[in-house]
$ cat input09.cif   # mmCIF, C-alpha atoms
data_protein
loop_
_atom_site.label_atom_id
_atom_site.label_comp_id
_atom_site.auth_asym_id
_atom_site.auth_seq_id
_atom_site.Cartn_x
_atom_site.Cartn_y
_atom_site.Cartn_z
CA PRO A 1 64.63 134.42 67.92
CA ASP A 2 63.19 132.85 71.06
CA ALA A 3 59.98 134.88 70.72
CA GLY A 4 58.83 132.81 67.73
CA GLU A 5 59.48 129.57 69.55
CA LEU A 6 57.69 130.92 72.61
CA ARG A 7 54.67 131.92 70.49
CA ASP A 8 54.58 128.44 68.94
CA SER A 9 54.76 126.85 72.39
CA LEU A 10 51.96 129.06 73.72
CA ARG A 11 49.84 128.28 70.67
CA GLN A 12 50.35 124.55 71.32
CA ILE A 13 49.39 124.99 74.99
CA VAL A 14 46.14 126.68 73.97
CA THR A 15 45.45 124.02 71.32
CA GLN A 16 46.13 121.11 73.69
CA THR A 17 44.07 122.69 76.47
CA ALA A 18 41.13 122.90 74.06
CA ARG A 19 41.78 119.30 73.03
CA SER A 20 41.77 118.20 76.68
CA ARG A 21 38.45 119.99 77.17
CA GLU A 22 37.02 118.15 74.17
CA ILE A 23 38.30 114.79 75.44
CA THR A 24 36.66 115.44 78.80
CA HIS A 25 33.46 116.34 76.97
CA LYS A 26 33.69 113.06 75.02
CA LEU A 27 34.13 111.09 78.24
CA LEU A 28 31.01 112.75 79.64
CA SER A 29 29.20 112.01 76.39
CA PHE A 30 30.32 108.37 76.52
CA GLY A 31 29.00 108.17 80.07
CA GLY A 32 25.67 109.58 78.92
CA LYS A 33 26.14 112.89 80.73
CA THR A 34 26.01 115.12 77.64
CA ASP A 35 25.60 115.03 73.85
CA GLY A 36 28.48 115.27 71.37
CA THR A 37 29.44 118.75 70.26
CA ILE A 38 28.67 119.19 66.59
CA ARG A 39 29.97 122.47 65.19
CA ASP A 40 31.56 124.10 62.17
CA THR A 41 34.83 122.31 61.42
CA ASP A 42 37.59 123.47 59.09
CA LEU A 43 39.26 120.19 58.18
CA ALA A 44 42.39 121.87 56.76
CA THR A 45 43.03 123.60 60.11
CA LEU A 46 42.33 120.40 62.03
CA VAL A 47 44.80 118.47 59.82
CA SER A 48 47.48 121.16 60.31
CA ASP A 49 47.02 121.13 64.09
CA VAL A 50 47.27 117.34 64.36
CA ALA A 51 50.22 117.16 61.94
CA LEU A 52 52.06 119.78 64.00
CA LEU A 53 51.33 117.80 67.16
CA ARG A 54 52.69 114.51 65.73
CA ARG A 55 55.52 115.92 63.59
CA ARG A 56 58.15 116.07 66.35
CA GLU A 57 57.77 112.42 67.37
CA ALA A 58 57.59 111.36 63.73
CA SER A 59 60.76 113.27 62.90
CA GLY A 60 62.58 111.48 65.71
CA LYS A 61 61.70 108.19 63.98
CA GLY A 62 62.86 109.35 60.55
CA ILE A 63 59.30 109.95 59.35
CA GLU A 64 58.23 113.04 57.43
CA ILE A 65 54.60 114.20 57.64
CA ARG A 66 53.43 116.06 54.53
CA GLU A 67 50.18 117.95 54.10
CA GLU A 68 48.44 118.29 50.75
CA THR A 69 45.29 120.25 51.53
CA ALA A 70 42.92 121.40 48.81
CA GLY A 71 42.82 125.15 48.38
CA LYS A 72 39.17 125.72 49.20
CA LEU A 73 37.37 123.16 51.33
CA PRO A 74 33.84 123.57 52.63
CA VAL A 75 33.41 124.01 56.36
CA ILE A 76 31.61 120.90 57.57
CA LEU A 77 29.30 120.51 60.54
CA SER A 78 30.94 117.73 62.53
CA GLU A 79 32.56 116.68 65.82
CA PRO A 80 36.14 118.03 65.76
CA ALA A 81 37.24 116.09 68.86
CA LEU A 82 36.27 112.81 67.22
CA LEU A 83 37.90 113.76 63.93
CA ARG A 84 41.08 114.74 65.75
CA GLN A 85 41.15 111.39 67.60
CA MET A 86 40.56 109.54 64.34
CA LEU A 87 43.41 111.37 62.60
CA ILE A 88 45.80 110.77 65.51
CA ASN A 89 44.96 107.03 65.42
CA LEU A 90 45.55 106.89 61.66
CA ILE A 91 48.89 108.72 61.93
CA ASN A 92 49.96 106.41 64.76
CA ASN A 93 49.19 103.37 62.59
CA CYS A 94 51.22 104.87 59.74
CA MET A 95 54.15 105.48 62.08
CA ASP A 96 53.98 101.88 63.36
CA ALA A 97 54.09 100.64 59.75
CA MET A 98 57.38 102.48 59.08
CA PRO A 99 59.92 101.39 61.71
CA GLU A 100 62.75 102.36 59.35
CA GLY A 101 61.27 105.79 58.54
CA GLY A 102 59.30 107.02 55.57
CA VAL A 103 56.66 109.52 54.54
CA ILE A 104 53.09 110.08 55.72
CA THR A 105 50.99 112.20 53.37
CA ILE A 106 47.73 113.68 54.61
CA SER A 107 45.60 115.05 51.80
CA THR A 108 42.18 116.66 51.67
CA ALA A 109 39.77 117.33 48.83
CA ALA A 110 36.20 118.44 48.32
CA GLY A 111 33.85 115.48 48.33
CA ARG A 112 30.43 114.70 46.98
CA ASP A 113 27.39 116.57 48.27
CA GLY A 114 29.53 119.30 49.83
CA GLY A 115 31.47 117.01 52.15
CA VAL A 116 35.22 116.48 52.30
CA ILE A 117 37.63 113.61 51.67
CA LEU A 118 40.61 112.93 53.89
CA CYS A 119 43.32 110.50 52.80
CA ILE A 120 46.28 109.35 54.90
CA ARG A 121 48.99 107.46 52.97
CA ASP A 122 52.21 105.92 54.23
CA THR A 123 55.24 104.35 52.61
CA GLY A 124 55.30 101.51 55.12
CA PHE A 125 55.28 97.75 54.82
CA GLY A 126 51.62 97.57 53.79
CA ILE A 127 48.88 95.15 54.78
CA PRO A 128 48.71 91.61 53.37
CA GLN A 129 45.60 91.04 51.26
CA GLU A 130 44.38 88.26 53.58
CA ASN A 131 44.13 90.78 56.45
CA MET A 132 42.34 93.58 54.58
CA ASP A 133 38.83 92.35 55.46
CA ARG A 134 39.66 92.35 59.18
CA ILE A 135 41.55 95.62 59.72
CA PHE A 136 38.53 97.46 61.16
CA ASP A 137 37.60 94.57 63.49
CA PRO A 138 38.04 95.29 67.21
CA PHE A 139 41.14 93.67 68.73
CA PHE A 140 42.53 92.55 65.36
CA THR A 141 46.25 93.23 65.28
CA THR A 142 49.33 91.81 63.64
CA LYS A 143 51.60 93.57 66.15
CA PRO A 144 53.50 91.54 68.74
CA PRO A 145 51.91 91.18 72.20
CA GLY A 146 52.17 94.38 74.21
CA LYS A 147 52.64 96.57 71.09
CA GLY A 148 49.01 97.20 70.19
CA ALA A 149 45.50 96.26 71.26
CA GLY A 150 43.99 96.30 67.77
CA LEU A 151 41.60 99.12 68.61
CA GLY A 152 42.97 102.07 66.61
CA LEU A 153 41.31 101.33 63.26
CA SER A 154 38.21 99.96 64.96
CA ILE A 155 37.79 103.25 66.83
CA CYS A 156 38.31 105.17 63.57
CA HIS A 157 35.62 103.05 61.91
CA GLY A 158 33.23 103.73 64.80
CA ILE A 159 33.88 107.48 64.66
CA VAL A 160 33.25 107.63 60.92
CA GLN A 161 30.05 105.59 61.27
CA ARG A 162 28.84 107.83 64.09
CA ILE A 163 29.12 110.97 61.97
CA GLY A 164 27.66 109.32 58.87
CA GLY A 165 30.78 108.99 56.72
CA ARG A 166 32.68 106.15 55.05
CA ILE A 167 36.17 104.77 55.63
CA PHE A 168 38.11 102.31 53.52
CA ALA A 169 41.70 101.23 52.98
CA GLU A 170 43.90 100.15 50.09
CA SER A 171 47.30 98.61 50.52
CA VAL A 172 50.16 97.18 48.52
CA PRO A 173 52.50 95.03 50.63
CA GLY A 174 55.99 96.51 50.57
CA GLU A 175 54.77 99.87 49.24
CA GLY A 176 52.34 101.27 51.80
CA THR A 177 48.74 101.84 52.76
CA ALA A 178 46.17 104.55 52.07
CA VAL A 179 43.14 105.08 54.30
CA THR A 180 40.43 107.27 52.83
CA VAL A 181 37.68 108.89 54.89
CA GLU A 182 34.65 110.50 53.28
CA LEU A 183 33.02 113.00 55.64
CA PRO A 184 29.52 114.39 55.07
CA LEU A 185 28.74 118.10 54.98
CA GLU A 186 26.67 117.60 58.12
CA ALA A 187 27.33 114.91 60.72
CA ARG A 188 24.56 112.89 62.31
CA SER A 189 23.47 114.32 65.63
CA LYS A 190 22.86 110.95 67.30
CA THR A 191 24.70 107.65 67.38
CA PRO A 192 23.04 105.23 64.90
#
$ encode --input "input09.cif" --output "structure tokens"
Amino acid sequence: PDAGELRDSLRQIVTQTARSREITHKLLSFGGKTDGTIRDTDLATLVSDVALLRRREASGKGIEIREETAGKLPVILSEPALLRQMLINLINNCMDAMPEGGVITISTAAGRDGGVILCIRDTGFGIPQENMDRIFDPFFTTKPPGKGAGLGLSICHGIVQRIGGRIFAESVPGEGTAVTVELPLEARSKTP
């Protein structure tokens, strides 16, 4: 019985080591030392990896993470480290919006022109309509001081712009928020 748990732990060590390598690469890229790594990316696998990574903490807060991945998604040419960071930021925002627990649903579907669509929905407190136009602005936050810098969604917006996609949000106060990301079949190779 411990062998399965050990295999899962070893798999996570390998996954997180690769993630650390990608983060280091991104830091070098940010510093102008190297270009971003654009490669074949299976979004369904990326979603499963990130959901597995965040599921334990979410569960401790009474939050369930569900995955609804389309059966057959195209492999896209993108930057997996950036997509992983974006998804982690979006899940973190969902978790912050559900202090009493709830459900996060991550769904994927085939998009236009061979790309893919990623949608992250929560059952949290939602975003008031008067704040919707500002949610992607840097440093905009409704969290109390010390609880958030207001950079999570801004970073997500920057990542999606960098790879040539689109991001938008819909929210109903008291019912939850859905953030949809449209990713192209092939990411841009340079920052616009």
$ closest_residue --input "input09.cif" --among "A:Arg121, A:Lys61, A:Arg112, A:Arg166" --to "A:Pro74" --atoms "all atoms listed in the file"
A:Arg112
$ closest_residue --input "input09.cif" --among "A:Val75, A:Arg19, A:Ser59, A:Leu185" --to "A:Ala44" --atoms "all atoms listed in the file"
A:Val75
$ closest_atom_pairs --input "input09.cif" --of "stretch 89-166 of chain A" --to "stretch 45-51 of chain A" --cutoff "12 Å" --atoms "only C-alpha atoms" --output "tab-separated table"
residue	atom	partner	partner_atom	distance
A:Asn89	CA	A:Val50	CA	10.6
A:Leu90	CA	A:Val50	CA	10.9
A:Ile91	CA	A:Ala51	CA	8.5
A:Asn92	CA	A:Ala51	CA	11.1
A:Ile104	CA	A:Ala51	CA	9.9
A:Thr105	CA	A:Ala51	CA	9.9
A:Ile106	CA	A:Val47	CA	7.7
A:Ser107	CA	A:Val47	CA	8.8
A:Thr108	CA	A:Val47	CA	8.8
A:Ile117	CA	A:Val47	CA	11.9
A:Leu118	CA	A:Val47	CA	9.1
A:Cys119	CA	A:Val47	CA	10.7
A:Ile120	CA	A:Val47	CA	10.5
$ write_last_selection --input "input09.cif" --atoms "C-alpha atoms" --output "JSON list (two decimals), in the frame of the given file"
[["chain", "number", "residue", "atom", "x", "y", "z"],
["A", 89, "ASN", "CA", 44.96, 107.03, 65.42],
["A", 90, "LEU", "CA", 45.55, 106.89, 61.66],
["A", 91, "ILE", "CA", 48.89, 108.72, 61.93],
["A", 92, "ASN", "CA", 49.96, 106.41, 64.76],
["A", 104, "ILE", "CA", 53.09, 110.08, 55.72],
["A", 105, "THR", "CA", 50.99, 112.20, 53.37],
["A", 106, "ILE", "CA", 47.73, 113.68, 54.61],
["A", 107, "SER", "CA", 45.60, 115.05, 51.80],
["A", 108, "THR", "CA", 42.18, 116.66, 51.67],
["A", 117, "ILE", "CA", 37.63, 113.61, 51.67],
["A", 118, "LEU", "CA", 40.61, 112.93, 53.89],
["A", 119, "CYS", "CA", 43.32, 110.50, 52.80],
["A", 120, "ILE", "CA", 46.28, 109.35, 54.90]]
$ residues_near_point --input "input09.cif" --point "(41.6, 95.0, 65.5)" --cutoff "9 Å" --atoms "all atoms listed in the file" --output "number ranges by chain"
A: 134-142, 149-154
$ atom_distance --input "input09.cif" --atom1 "atom CA of A:Glu100" --atom2 "atom CA of A:Gly124"
8.6 Å
$ atom_distance --input "input09.cif" --atom1 "atom CA of A:Val103" --atom2 "atom CA of A:Glu64"
4.8 Å
$ closest_residue --input "input09.cif" --among "A:Gly111, A:Pro80, A:Gly174, A:Gly126" --to "A:Val160" --atoms "only C-alpha atoms"
A:Pro80
$ atom_distance --input "input09.cif" --atom1 "atom CA of A:Glu67" --atom2 "atom CA of A:Leu53"
13.1 Å
